[in-house]
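Structure file data_21.txt (compact mmCIF, C-alpha atoms) follows.
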# COMPACT_ATOMS: atom_id res chain seq x y z
CA MET A 1 87.18 64.76 -16.73
CA ALA A 2 83.61 64.27 -17.87
CA ILE A 3 84.02 67.14 -20.35
CA LEU A 4 87.23 65.59 -21.68
CA ARG A 5 85.51 62.25 -22.15
CA VAL A 6 82.68 63.92 -24.08
CA LEU A 7 85.16 65.78 -26.28
CA ALA A 8 87.07 62.56 -26.90
CA ILE A 9 83.88 60.80 -27.94
CA LEU A 10 82.90 63.66 -30.26
CA VAL A 11 86.35 63.75 -31.86
CA ALA A 12 86.35 59.98 -32.31
CA ALA A 13 82.87 60.11 -33.84
CA SER A 14 83.94 62.85 -36.23
CA PHE A 15 86.95 60.87 -37.46
CA ALA A 16 84.86 57.71 -37.71
CA ALA A 17 82.43 59.56 -39.98
CA LEU A 18 85.13 60.75 -42.38
CA PRO A 19 85.65 57.46 -44.29
CA ALA A 20 81.88 57.09 -44.78
CA ARG A 21 81.65 60.66 -46.04
CA ALA A 22 84.56 60.12 -48.42
CA GLY A 23 82.99 56.87 -49.51
CA GLU A 24 79.70 58.59 -50.30
CA VAL A 25 81.50 61.26 -52.33
CA GLU A 26 83.29 58.59 -54.34
CA ARG A 27 80.05 56.66 -54.78
CA GLY A 28 78.40 59.87 -55.95
CA ARG A 29 81.20 60.47 -58.44
CA TYR A 30 80.66 57.03 -59.93
CA LEU A 31 76.88 57.51 -60.00
CA ALA A 32 77.39 60.81 -61.83
CA THR A 33 79.53 58.88 -64.33
CA LEU A 34 76.75 56.33 -64.83
CA GLY A 35 74.31 59.20 -65.36
CA ASP A 36 76.41 61.01 -68.01
CA CYS A 37 76.03 64.20 -65.95
CA ALA A 38 79.23 65.83 -67.19
CA ILE A 39 78.21 65.45 -70.84
CA CYS A 40 75.05 67.53 -70.79
CA HIS A 41 76.16 69.94 -68.08
CA THR A 42 79.39 70.98 -69.82
CA ALA A 43 79.25 73.41 -72.73
CA PRO A 44 80.94 72.38 -76.01
CA GLY A 45 84.63 73.29 -75.95
CA GLN A 46 84.52 73.98 -72.20
CA SER A 47 86.02 70.75 -70.84
CA SER A 48 88.08 72.81 -68.35
CA ARG A 49 84.78 73.98 -66.80
CA PRO A 50 82.90 70.72 -66.18
CA TYR A 51 79.34 70.87 -64.87
CA ALA A 52 79.12 74.65 -65.50
CA GLY A 53 76.19 74.19 -67.92
CA GLY A 54 75.45 75.78 -71.26
CA TYR A 55 75.14 72.62 -73.35
CA PRO A 56 72.47 73.12 -76.06
CA LEU A 57 69.76 70.48 -76.28
CA HIS A 58 67.83 70.88 -79.52
CA ALA A 59 64.31 69.72 -80.32
CA THR A 60 61.61 70.65 -82.82
CA PHE A 61 60.18 73.24 -80.44
CA GLY A 62 63.48 75.03 -79.76
CA THR A 63 66.65 74.81 -77.69
CA VAL A 64 67.12 74.26 -73.97
CA TYR A 65 70.49 74.99 -72.37
CA SER A 66 71.71 72.90 -69.46
CA THR A 67 72.15 74.50 -66.06
CA ASN A 68 75.24 75.10 -63.95
CA ILE A 69 75.44 72.35 -61.31
CA THR A 70 78.77 73.35 -59.78
CA PRO A 71 78.59 74.52 -56.14
CA ASP A 72 78.77 78.20 -57.08
CA ASP A 73 76.46 80.16 -54.78
CA GLU A 74 75.22 82.64 -57.38
CA THR A 75 74.87 80.67 -60.63
CA GLY A 76 75.10 77.03 -59.55
CA ILE A 77 73.70 74.82 -56.80
CA GLY A 78 75.88 76.17 -53.99
CA ARG A 79 72.85 77.23 -51.96
CA TRP A 80 70.74 74.21 -52.76
CA SER A 81 69.90 71.84 -49.95
CA LYS A 82 69.78 68.09 -50.44
CA ASP A 83 66.01 68.30 -50.36
CA ARG A 84 65.95 70.84 -53.20
CA PHE A 85 68.37 68.77 -55.24
CA TYR A 86 66.23 65.67 -54.69
CA ARG A 87 63.10 67.56 -55.73
CA ALA A 88 64.79 68.57 -59.00
CA LEU A 89 65.66 64.97 -59.86
CA HIS A 90 62.50 63.42 -58.45
CA ASP A 91 59.84 65.98 -59.39
CA GLY A 92 61.45 68.12 -62.10
CA ILE A 93 61.18 71.30 -60.01
CA GLY A 94 64.13 73.64 -59.52
CA ALA A 95 65.22 75.39 -56.34
CA ASP A 96 63.28 78.48 -57.39
CA GLY A 97 60.07 76.47 -57.68
CA ARG A 98 59.94 76.60 -61.48
CA HIS A 99 59.27 73.45 -63.47
CA LEU A 100 62.19 71.99 -65.39
CA TYR A 101 61.95 70.80 -68.99
CA PRO A 102 62.24 67.07 -69.79
CA ALA A 103 65.42 67.76 -71.76
CA PHE A 104 66.71 67.17 -68.23
CA PRO A 105 65.80 63.47 -67.90
CA TYR A 106 64.13 63.64 -64.50
CA VAL A 107 61.52 61.18 -65.77
CA TYR A 108 64.27 58.57 -65.35
CA PHE A 109 65.95 60.06 -62.28
CA ALA A 110 62.59 60.17 -60.47
CA ARG A 111 62.90 56.42 -59.97
CA LEU A 112 66.25 56.60 -58.15
CA PRO A 113 66.64 55.82 -54.44
CA ARG A 114 67.05 58.89 -52.23
CA ALA A 115 70.44 57.61 -51.05
CA ASP A 116 71.79 57.64 -54.62
CA VAL A 117 70.55 61.18 -55.23
CA ASP A 118 72.14 62.33 -51.96
CA ALA A 119 75.46 60.74 -52.95
CA ILE A 120 75.46 62.58 -56.28
CA TYR A 121 74.74 65.80 -54.39
CA ASP A 122 77.66 65.11 -52.04
CA TYR A 123 79.97 64.61 -55.03
CA LEU A 124 78.83 67.73 -56.87
CA ARG A 125 79.57 69.76 -53.74
CA THR A 126 83.23 68.81 -54.16
CA VAL A 127 83.70 69.92 -57.78
CA LYS A 128 85.25 73.29 -58.56
CA PRO A 129 82.69 76.12 -58.36
CA VAL A 130 82.33 78.01 -61.63
CA ARG A 131 80.47 81.30 -61.97
CA ALA A 132 78.65 80.83 -65.27
CA THR A 133 75.13 81.49 -66.46
CA PRO A 134 73.93 79.51 -69.49
CA PRO A 135 72.26 81.27 -72.42
CA PRO A 136 68.49 81.72 -72.09
CA ASN A 137 66.36 78.96 -73.54
CA ASN A 138 64.98 79.61 -77.02
CA LEU A 139 61.58 77.93 -77.16
CA MET A 140 58.51 78.57 -79.28
CA PHE A 141 55.11 79.34 -77.81
CA PRO A 142 53.53 77.68 -75.85
CA THR A 143 56.45 75.47 -74.79
CA ASN A 144 58.19 78.55 -73.35
CA LEU A 145 55.52 78.68 -70.63
CA ARG A 146 56.93 76.57 -67.83
CA PHE A 147 53.68 76.17 -65.93
CA GLY A 148 52.53 73.88 -68.73
CA MET A 149 55.02 71.33 -67.43
CA ALA A 150 52.69 70.64 -64.51
CA ALA A 151 50.24 69.10 -66.98
CA TRP A 152 53.10 67.30 -68.76
CA ASN A 153 54.20 65.75 -65.47
CA ALA A 154 50.66 64.65 -64.68
CA LEU A 155 50.56 62.84 -68.01
CA PHE A 156 54.06 61.36 -68.26
CA LEU A 157 56.02 61.46 -64.98
CA ASP A 158 56.16 58.06 -63.28
CA ARG A 159 57.87 58.13 -59.88
CA THR A 160 57.50 54.39 -59.26
CA PRO A 161 60.80 53.17 -57.73
CA LEU A 162 62.78 50.59 -59.68
CA LYS A 163 62.44 47.18 -58.09
CA PRO A 164 64.50 44.03 -58.75
CA ASP A 165 62.83 41.18 -60.60
CA PRO A 166 63.35 38.08 -58.42
CA SER A 167 63.06 35.83 -61.46
CA LYS A 168 66.12 37.46 -63.07
CA SER A 169 69.82 37.30 -62.24
CA ALA A 170 71.66 39.93 -60.23
CA PRO A 171 73.55 41.21 -63.31
CA TRP A 172 70.30 41.50 -65.28
CA ASN A 173 68.70 43.52 -62.48
CA ARG A 174 71.75 45.75 -62.23
CA GLY A 175 71.67 46.37 -65.97
CA ALA A 176 67.94 47.10 -65.89
CA ALA A 177 68.47 49.62 -63.09
CA ILE A 178 71.18 51.45 -65.03
CA VAL A 179 69.38 51.46 -68.39
CA ASN A 180 65.96 52.39 -66.99
CA GLY A 181 67.18 54.72 -64.26
CA LEU A 182 70.39 56.67 -63.92
CA GLY A 183 71.72 55.79 -67.39
CA HIS A 184 68.45 57.13 -68.92
CA CYS A 185 69.17 55.30 -72.20
CA GLY A 186 65.58 55.75 -73.31
CA GLY A 187 66.07 59.51 -73.25
CA CYS A 188 67.69 59.17 -76.67
CA HIS A 189 66.90 55.64 -77.84
CA THR A 190 63.10 55.61 -77.28
CA PRO A 191 60.82 57.24 -79.91
CA LYS A 192 59.12 60.44 -78.72
CA ASN A 193 55.60 61.74 -79.27
CA VAL A 194 54.75 65.35 -80.22
CA LEU A 195 55.10 66.37 -76.56
CA PHE A 196 58.61 64.89 -76.36
CA ALA A 197 57.51 62.06 -74.08
CA ASP A 198 58.42 58.42 -74.62
CA LYS A 199 55.96 56.57 -76.84
CA PRO A 200 54.31 53.69 -74.97
CA GLY A 201 55.31 50.26 -76.22
CA ARG A 202 58.30 51.58 -78.18
CA PHE A 203 60.99 51.39 -75.47
CA LEU A 204 64.54 51.62 -76.86
CA GLN A 205 63.37 51.13 -80.46
CA GLY A 206 65.39 54.07 -81.85
CA GLU A 207 64.88 57.80 -82.36
CA THR A 208 66.45 60.75 -84.18
CA ILE A 209 67.82 63.23 -81.64
CA ASP A 210 69.51 66.50 -82.62
CA GLY A 211 70.31 65.24 -86.12
CA TRP A 212 71.76 61.88 -85.01
CA TYR A 213 69.89 58.60 -84.98
CA ALA A 214 70.06 56.80 -81.63
CA PRO A 215 69.64 53.19 -82.76
CA ASN A 216 67.25 50.45 -81.79
CA LEU A 217 68.66 48.59 -78.74
CA THR A 218 66.23 45.67 -78.82
CA GLY A 219 66.93 42.24 -80.29
CA SER A 220 65.95 43.22 -83.85
CA ARG A 221 68.33 41.44 -86.21
CA ARG A 222 68.91 44.07 -88.87
CA THR A 223 68.41 47.40 -87.11
CA GLY A 224 68.99 46.38 -83.49
CA LEU A 225 71.36 44.26 -81.42
CA GLY A 226 70.11 40.88 -82.60
CA GLU A 227 73.44 39.91 -84.18
CA TRP A 228 75.54 41.36 -81.34
CA THR A 229 76.68 39.16 -78.48
CA ALA A 230 76.78 40.41 -74.90
CA ALA A 231 80.56 40.63 -75.31
CA ASP A 232 80.11 42.82 -78.41
CA ILE A 233 77.94 45.23 -76.41
CA ALA A 234 80.37 45.36 -73.48
CA THR A 235 83.32 45.98 -75.83
CA TYR A 236 81.43 48.78 -77.58
CA LEU A 237 80.62 50.44 -74.26
CA GLU A 238 84.26 50.23 -73.17
CA THR A 239 86.03 51.29 -76.36
CA GLY A 240 83.40 52.79 -78.66
CA SER A 241 84.02 50.10 -81.27
CA ASN A 242 83.47 46.44 -82.07
CA ARG A 243 83.19 44.20 -85.11
CA PHE A 244 80.01 46.00 -86.20
CA GLY A 245 81.45 49.50 -86.35
CA ARG A 246 82.39 52.56 -84.31
CA ALA A 247 80.54 55.03 -82.12
CA VAL A 248 79.77 58.30 -83.87
CA GLY A 249 78.04 61.55 -82.98
CA ALA A 250 76.65 62.02 -79.49
CA MET A 251 77.41 58.42 -78.55
CA GLN A 252 81.11 59.21 -78.71
CA ASP A 253 80.70 61.56 -75.75
CA VAL A 254 78.74 58.92 -73.85
CA VAL A 255 81.55 56.42 -74.34
CA ARG A 256 84.31 58.95 -73.61
CA VAL A 257 82.80 60.39 -70.42
CA SER A 258 80.59 57.60 -69.12
CA THR A 259 80.62 54.00 -70.35
CA SER A 260 84.40 53.69 -70.78
CA HIS A 261 84.75 54.59 -67.08
CA MET A 262 82.21 52.05 -65.86
CA THR A 263 83.29 48.86 -64.17
CA ASP A 264 83.51 45.72 -66.28
CA ALA A 265 80.69 44.29 -64.16
CA ASP A 266 78.35 47.19 -64.96
CA ARG A 267 79.08 47.04 -68.69
CA ALA A 268 78.39 43.30 -68.61
CA ALA A 269 75.19 43.94 -66.67
CA ILE A 270 73.94 46.43 -69.25
CA ALA A 271 74.76 43.94 -71.99
CA ALA A 272 72.89 41.15 -70.19
CA TYR A 273 69.80 43.31 -69.86
CA LEU A 274 69.83 44.59 -73.44
CA LYS A 275 70.27 41.08 -74.84
CA SER A 276 67.11 40.02 -73.04
CA LEU A 277 64.91 42.58 -74.85
CA PRO A 278 62.65 41.04 -77.51
CA PRO A 279 63.08 42.28 -81.08
CA ALA A 280 61.05 45.24 -82.22
CA PRO A 281 59.20 44.95 -85.55
CA GLU A 282 61.30 45.87 -88.57
CA ALA A 283 59.72 47.30 -91.70
CA PRO A 284 61.25 45.91 -94.91
CA PRO A 285 63.33 48.62 -96.60
CA ARG A 286 62.69 49.81 -100.14
CA LYS A 287 65.04 48.57 -102.83
CA PRO A 288 67.46 51.17 -104.22
CA ASP A 289 67.50 52.22 -107.84
CA ALA A 290 70.16 50.47 -109.95
CA ALA A 291 71.41 53.75 -111.44
CA GLN A 292 71.84 55.29 -107.99
CA MET A 293 73.73 52.20 -106.79
CA GLN A 294 76.01 52.44 -109.82
CA LEU A 295 76.80 56.10 -109.11
CA GLY A 296 77.33 55.29 -105.44
CA GLN A 297 79.74 52.50 -106.29
CA ALA A 298 81.75 54.89 -108.47
CA VAL A 299 81.95 57.49 -105.70
CA PHE A 300 82.91 54.80 -103.20
CA ALA A 301 85.68 53.49 -105.44
CA GLU A 302 87.08 57.00 -105.87
CA ARG A 303 86.70 58.35 -102.32
CA CYS A 304 86.30 55.48 -99.85
CA ALA A 305 87.76 52.19 -101.05
CA VAL A 306 91.38 53.19 -100.39
CA CYS A 307 90.69 52.82 -96.65
CA HIS A 308 87.57 50.74 -96.21
CA ALA A 309 88.58 48.03 -98.65
CA THR A 310 92.14 47.57 -97.43
CA ASP A 311 92.50 47.45 -93.64
CA ALA A 312 89.49 46.24 -91.70
CA ARG A 313 91.49 46.28 -88.45
CA SER A 314 92.05 50.04 -88.52
CA TYR A 315 88.88 51.22 -90.26
CA PRO A 316 85.28 50.37 -89.45
CA PRO A 317 84.04 47.29 -91.31
CA LEU A 318 81.14 48.11 -93.59
CA ALA A 319 79.62 44.63 -93.73
CA HIS A 320 76.74 44.48 -91.21
CA ASN A 321 77.75 47.97 -90.15
CA ALA A 322 75.55 49.31 -87.35
CA VAL A 323 75.56 52.90 -88.64
CA ALA A 324 74.96 51.97 -92.27
CA ARG A 325 71.94 49.84 -91.38
CA LEU A 326 70.05 52.49 -89.40
CA PRO A 327 66.53 53.14 -90.73
CA ASP A 328 67.16 56.90 -90.65
CA PRO A 329 70.15 57.79 -92.89
CA ALA A 330 70.89 61.04 -91.01
CA THR A 331 73.87 59.58 -89.13
CA VAL A 332 75.65 58.05 -92.10
CA LEU A 333 75.12 61.27 -94.10
CA ARG A 334 76.61 63.33 -91.26
CA VAL A 335 79.61 61.03 -90.97
CA ILE A 336 80.33 61.38 -94.70
CA LEU A 337 79.89 65.17 -94.66
CA GLN A 338 81.67 65.89 -91.36
CA GLY A 339 84.13 63.03 -91.04
CA SER A 340 84.69 61.17 -87.79
CA GLN A 341 87.32 60.03 -85.32
CA SER A 342 87.53 57.10 -82.97
CA VAL A 343 86.66 57.62 -79.32
CA PRO A 344 89.76 58.31 -77.18
CA ALA A 345 88.90 55.60 -74.66
CA PRO A 346 91.07 55.37 -71.51
CA GLY A 347 94.13 53.18 -71.96
CA LYS A 348 93.46 52.56 -75.66
CA ARG A 349 95.58 53.72 -78.58
CA PRO A 350 93.93 56.21 -80.95
CA GLY A 351 92.00 54.58 -83.76
CA PHE A 352 90.97 55.67 -87.23
CA SER A 353 90.26 59.19 -88.44
CA MET A 354 87.89 59.67 -91.35
CA PRO A 355 88.12 62.89 -93.41
CA ALA A 356 85.07 64.96 -94.27
CA PHE A 357 83.67 64.98 -97.82
CA PRO A 358 81.71 68.23 -98.16
CA VAL A 359 82.83 68.41 -101.81
CA LEU A 360 80.29 65.75 -102.79
CA THR A 361 77.16 67.00 -104.48
CA ASN A 362 73.87 66.09 -102.85
CA GLU A 363 73.30 63.53 -105.61
CA GLU A 364 76.73 61.96 -105.00
CA LEU A 365 76.27 62.06 -101.24
CA ALA A 366 72.91 60.32 -101.44
CA ALA A 367 74.25 57.78 -103.92
CA VAL A 368 77.32 56.74 -101.92
CA ALA A 369 75.24 56.55 -98.75
CA THR A 370 72.73 54.38 -100.60
CA TYR A 371 75.52 52.15 -101.92
CA VAL A 372 77.04 51.63 -98.43
CA ARG A 373 73.60 51.04 -96.89
CA ASN A 374 72.73 48.37 -99.46
CA SER A 375 75.98 46.46 -99.98
CA TRP A 376 77.64 43.76 -97.88
CA ASP A 377 74.28 42.46 -96.59
CA ASN A 378 73.35 45.83 -95.07
CA ASP A 379 69.94 46.12 -96.83
CA ALA A 380 68.89 49.50 -95.40
CA GLY A 381 67.09 51.26 -98.22
CA PRO A 382 67.91 54.22 -100.49
CA VAL A 383 68.75 57.83 -99.58
CA SER A 384 67.37 60.72 -101.63
CA PRO A 385 69.27 63.86 -102.68
CA LYS A 386 66.58 65.79 -100.78
CA GLU A 387 67.58 64.03 -97.54
CA ALA A 388 71.23 64.76 -98.27
CA ALA A 389 70.43 68.44 -98.86
CA ALA A 390 68.50 68.64 -95.58
CA ILE A 391 71.44 67.28 -93.58
CA ARG A 392 73.87 69.60 -95.35
CA LYS A 393 71.65 72.59 -94.55
CA ARG A 394 71.39 71.52 -90.91
CA LEU A 395 75.17 71.49 -90.61
CA GLU A 396 75.62 74.98 -92.05
CA PRO A 397 76.77 77.55 -89.47
CA PRO A 398 74.00 79.94 -88.40
CA GLY A 399 73.79 83.17 -90.32
For the structure just supplied, provide its representation as C-alpha cells.
Amino acid sequence: MAILRVLAILVAASFAALPARAGEVERGRYLATLGDCAICHTAPGQSSRPYAGGYPLHATFGTVYSTNITPDDETGIGRWSKDRFYRALHDGIGADGRHLYPAFPYVYFARLPRADVDAIYDYLRTVKPVRATPPPNNLMFPTNLRFGMAAWNALFLDRTPLKPDPSKSAPWNRGAAIVNGLGHCGGCHTPKNVLFADKPGRFLQGETIDGWYAPNLTGSRRTGLGEWTAADIATYLETGSNRFGRAVGAMQDVVRVSTSHMTDADRAAIAAYLKSLPPAPEAPPRKPDAAQMQLGQAVFAERCAVCHATDARSYPPLAHNAVARLPDPATVLRVILQGSQSVPAPGKRPGFSMPAFPVLTNEELAAVATYVRNSWDNDAGPVSPKEAAAIRKRLEPPG
C-alpha cells in the first residue's frame, strides 16, 4: 500500500507539473518573438526551416552567418544544456567554449533574467530539428581571430541586470525592458564605433546597417519620432505602416515576424518608452541645387506622381515621410532601385506594391531622391550621383 501511495503521489506530481511546463514553453515562444530570434536564425528563402541558421550579417569587416538553434544533436543545440545556452546569451560563449561575435546581440541578452533565458531554451527544444550547417564566416584579419573577443567583452559587455525605475509607470518599465533587453533595438538603431560596439551617449540615434538606415528613435522632430504620437508608434509596430510612411528593408522582417505578433500592451509599452526619450541633436541639412531639384521634379512627374499624387490611402504619403527624411539617403535610394511591398501583417489586407526603377541613371536617381527628400516639408538634404552609384553597385549580384 505504501508503494502504491508513493506511486500515486509521483504520478500526481508529474501531471501537476505539465501545465507549468507547457506554460514555460509558451512563454518562451513569446519571448523568442520579442527577441526576433526567427529573423536572424533563418536563412533567406528558408522560411520552411526556421531557426536553422545561415542568415548573413554583413559589416565592414566581413560577414557572419547565424547559427542553427534547432534541437538537432549534430548541427544545432540538441546537446546543449540550459547552462550552456545561458552562457551563450549571458557571456557570448558557445557550447564549444569559443567566443561568439557581437553580430549575435548577447550584449543585450546578457541583461535578461535567467528564468527568461531558460524559457526560451524550453521553447527552442520543441521546434523541429533541422540538420543544417551555416556557411563559414568570412571575416578579415584580425577580426577572424575569436580570442580577440575576450578583450572586446572586457571593454563593452555589461551584464548589469535590467531593473525597474520606481519613478516610472509599469508600461514605461515594460517598454524599457523590451527595447534595452530582449528586443535589442539598439543593435541596429544605435551608432557603432570602429569595433562595432555601441557609441556611448548615442543610444538609438540611428545607424546604417547592411545598406539600410535604421532611423533615430529619440524625440528628434525631423529625423526621429518627435512628430509621432504613441499611437503612431504602436500602429507602425503592428502593421508596418502609419501616417508617416511604411516599413522598408530589414524592418519589414521585424514587423512581420516580431512586432505584429506582440500583444497590444507590449506595443503600447514600447511606444511609451520611446516617446520619453529626449531628442538627439539634429544637424541642419544642406540645401539642394535648384537644377537638381528641377530634374528630380521631372523624373517624379514621369515615374512617381501617378501613384503618390493620387491615392494617399493606398500609397505611402510623402509629406513628412519617415524614410525620405533620414539623414542617410541609402534607404530611399534602395527603395527606388529595388521597389518595395507592404508588410503582410497578420489579419491585415495586403497594401501597396511599388515597382523597381533600375532604368534610372545615377543622375536621375539622385535627383528624384533629392526632390522627394526636400519637398513637402521633408528638408533632408541633397543626394549625389556618386551616392546613387554606390548603392547601385552594392545591389549588384556577386560576380
Practice prompt. Using only C-alpha atoms, pick whichever of A:Ser353, A:Gly211, A:Leu318, A:Ala388 has the shortest atom-to-atom distance to A:Ser375.
Written response: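 Of A:Ser353, A:Gly211, A:Leu318, A:Ala388, the one nearest A:Ser375, counting only C-alpha atoms, is A:Leu318.
Atom pair atom CA of A:Asp118 / atom CA of A:Tyr86 has a distance of 7.3 Å (rounded to one decimal).
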Practice prompt. Please identify all polymer residues within 8 Å of stretch 361-373 of chain A, counting all atoms listed in the file, omitting same-chain residues fewer than 6 positions from it, and present them as a PyMOL selection string.
Written response: chain A and resi 288+292-297+299-300+318+324-325+329+332-333+336+379-389
Residues proximal to (65.8, 43.6, -78.7) were defined as those with any atom within 9 Å of that point in the file's coordinates, counting all atoms listed in the file. Which are they, as a PDB file with C-alpha atoms, in the coordinates of the input?
ATOM      1  CA  LEU A 204      64.540  51.620 -76.860  1.00  0.00           C
ATOM      2  CA  GLN A 205      63.370  51.130 -80.460  1.00  0.00           C
ATOM      3  CA  ASN A 216      67.250  50.450 -81.790  1.00  0.00           C
ATOM      4  CA  LEU A 217      68.660  48.590 -78.740  1.00  0.00           C
ATOM      5  CA  THR A 218      66.230  45.670 -78.820  1.00  0.00           C
ATOM      6  CA  GLY A 219      66.930  42.240 -80.290  1.00  0.00           C
ATOM      7  CA  SER A 220      65.950  43.220 -83.850  1.00  0.00           C
ATOM      8  CA  ARG A 221      68.330  41.440 -86.210  1.00  0.00           C
ATOM      9  CA  GLY A 224      68.990  46.380 -83.490  1.00  0.00           C
ATOM     10  CA  LEU A 225      71.360  44.260 -81.420  1.00  0.00           C
ATOM     11  CA  GLY A 226      70.110  40.880 -82.600  1.00  0.00           C
ATOM     12  CA  LEU A 274      69.830  44.590 -73.440  1.00  0.00           C
ATOM     13  CA  LYS A 275      70.270  41.080 -74.840  1.00  0.00           C
ATOM     14  CA  SER A 276      67.110  40.020 -73.040  1.00  0.00           C
ATOM     15  CA  LEU A 277      64.910  42.580 -74.850  1.00  0.00           C
ATOM     16  CA  PRO A 278      62.650  41.040 -77.510  1.00  0.00           C
ATOM     17  CA  PRO A 279      63.080  42.280 -81.080  1.00  0.00           C
ATOM     18  CA  ALA A 280      61.050  45.240 -82.220  1.00  0.00           C
TER      19      ALA A 280
END
Using the file's own x, y and z axes, what box holds all listed atoms of stretch 266-285 of chain A with 6 Å on each side, keeping edges along x, y and z, and what are its centre and edge lengths in Å to one decimal, as lines of an AutoDock Vina configuration file?
center_x = 69.1
center_y = 44.3
center_z = -80.8
size_x = 31.9
size_y = 20.6
size_z = 43.6
Could you pull stretch 236-242 of chain A out of the structure just shown and give all heavy atoms as a compact mmCIF listing (two decimals), in the first residue's frame?
# COMPACT_ATOMS: atom_id res chain seq x y z
N TYR A 236 2.47 51.45 -36.16
CA TYR A 236 3.59 51.07 -37.03
C TYR A 236 4.12 49.69 -36.64
O TYR A 236 4.40 48.85 -37.51
CB TYR A 236 4.69 52.12 -36.91
CG TYR A 236 5.89 51.89 -37.79
CD1 TYR A 236 5.93 52.38 -39.09
CD2 TYR A 236 7.01 51.21 -37.31
CE1 TYR A 236 7.03 52.19 -39.90
CE2 TYR A 236 8.12 51.01 -38.11
CZ TYR A 236 8.13 51.50 -39.41
OH TYR A 236 9.23 51.30 -40.19
N LEU A 237 4.26 49.43 -35.35
CA LEU A 237 4.76 48.14 -34.89
C LEU A 237 3.79 47.01 -35.23
O LEU A 237 4.21 45.88 -35.49
CB LEU A 237 5.02 48.18 -33.38
CG LEU A 237 6.13 49.11 -32.90
CD1 LEU A 237 6.18 49.14 -31.38
CD2 LEU A 237 7.48 48.69 -33.46
N GLU A 238 2.50 47.31 -35.23
CA GLU A 238 1.50 46.28 -35.51
C GLU A 238 1.36 46.00 -37.00
O GLU A 238 1.23 44.84 -37.42
CB GLU A 238 0.15 46.70 -34.95
CG GLU A 238 -0.95 45.66 -35.20
CD GLU A 238 -2.31 46.08 -34.68
OE1 GLU A 238 -2.46 47.25 -34.27
OE2 GLU A 238 -3.23 45.24 -34.69
N THR A 239 1.37 47.04 -37.82
CA THR A 239 1.03 46.89 -39.24
C THR A 239 2.17 47.21 -40.20
O THR A 239 2.06 46.92 -41.39
CB THR A 239 -0.15 47.80 -39.59
OG1 THR A 239 0.28 49.18 -39.49
CG2 THR A 239 -1.33 47.56 -38.67
N GLY A 240 3.24 47.84 -39.70
CA GLY A 240 4.31 48.25 -40.59
C GLY A 240 4.01 49.52 -41.34
O GLY A 240 4.73 49.87 -42.28
N SER A 241 2.98 50.24 -40.93
CA SER A 241 2.65 51.50 -41.61
C SER A 241 1.92 52.43 -40.65
O SER A 241 1.33 52.00 -39.66
CB SER A 241 1.79 51.24 -42.84
OG SER A 241 0.54 50.71 -42.47
N ASN A 242 1.99 53.71 -40.97
CA ASN A 242 1.19 54.73 -40.27
C ASN A 242 1.17 55.97 -41.15
O ASN A 242 1.57 55.92 -42.33
CB ASN A 242 1.73 55.01 -38.86
CG ASN A 242 3.12 55.61 -38.84
OD1 ASN A 242 3.63 56.10 -39.86
ND2 ASN A 242 3.77 55.59 -37.69
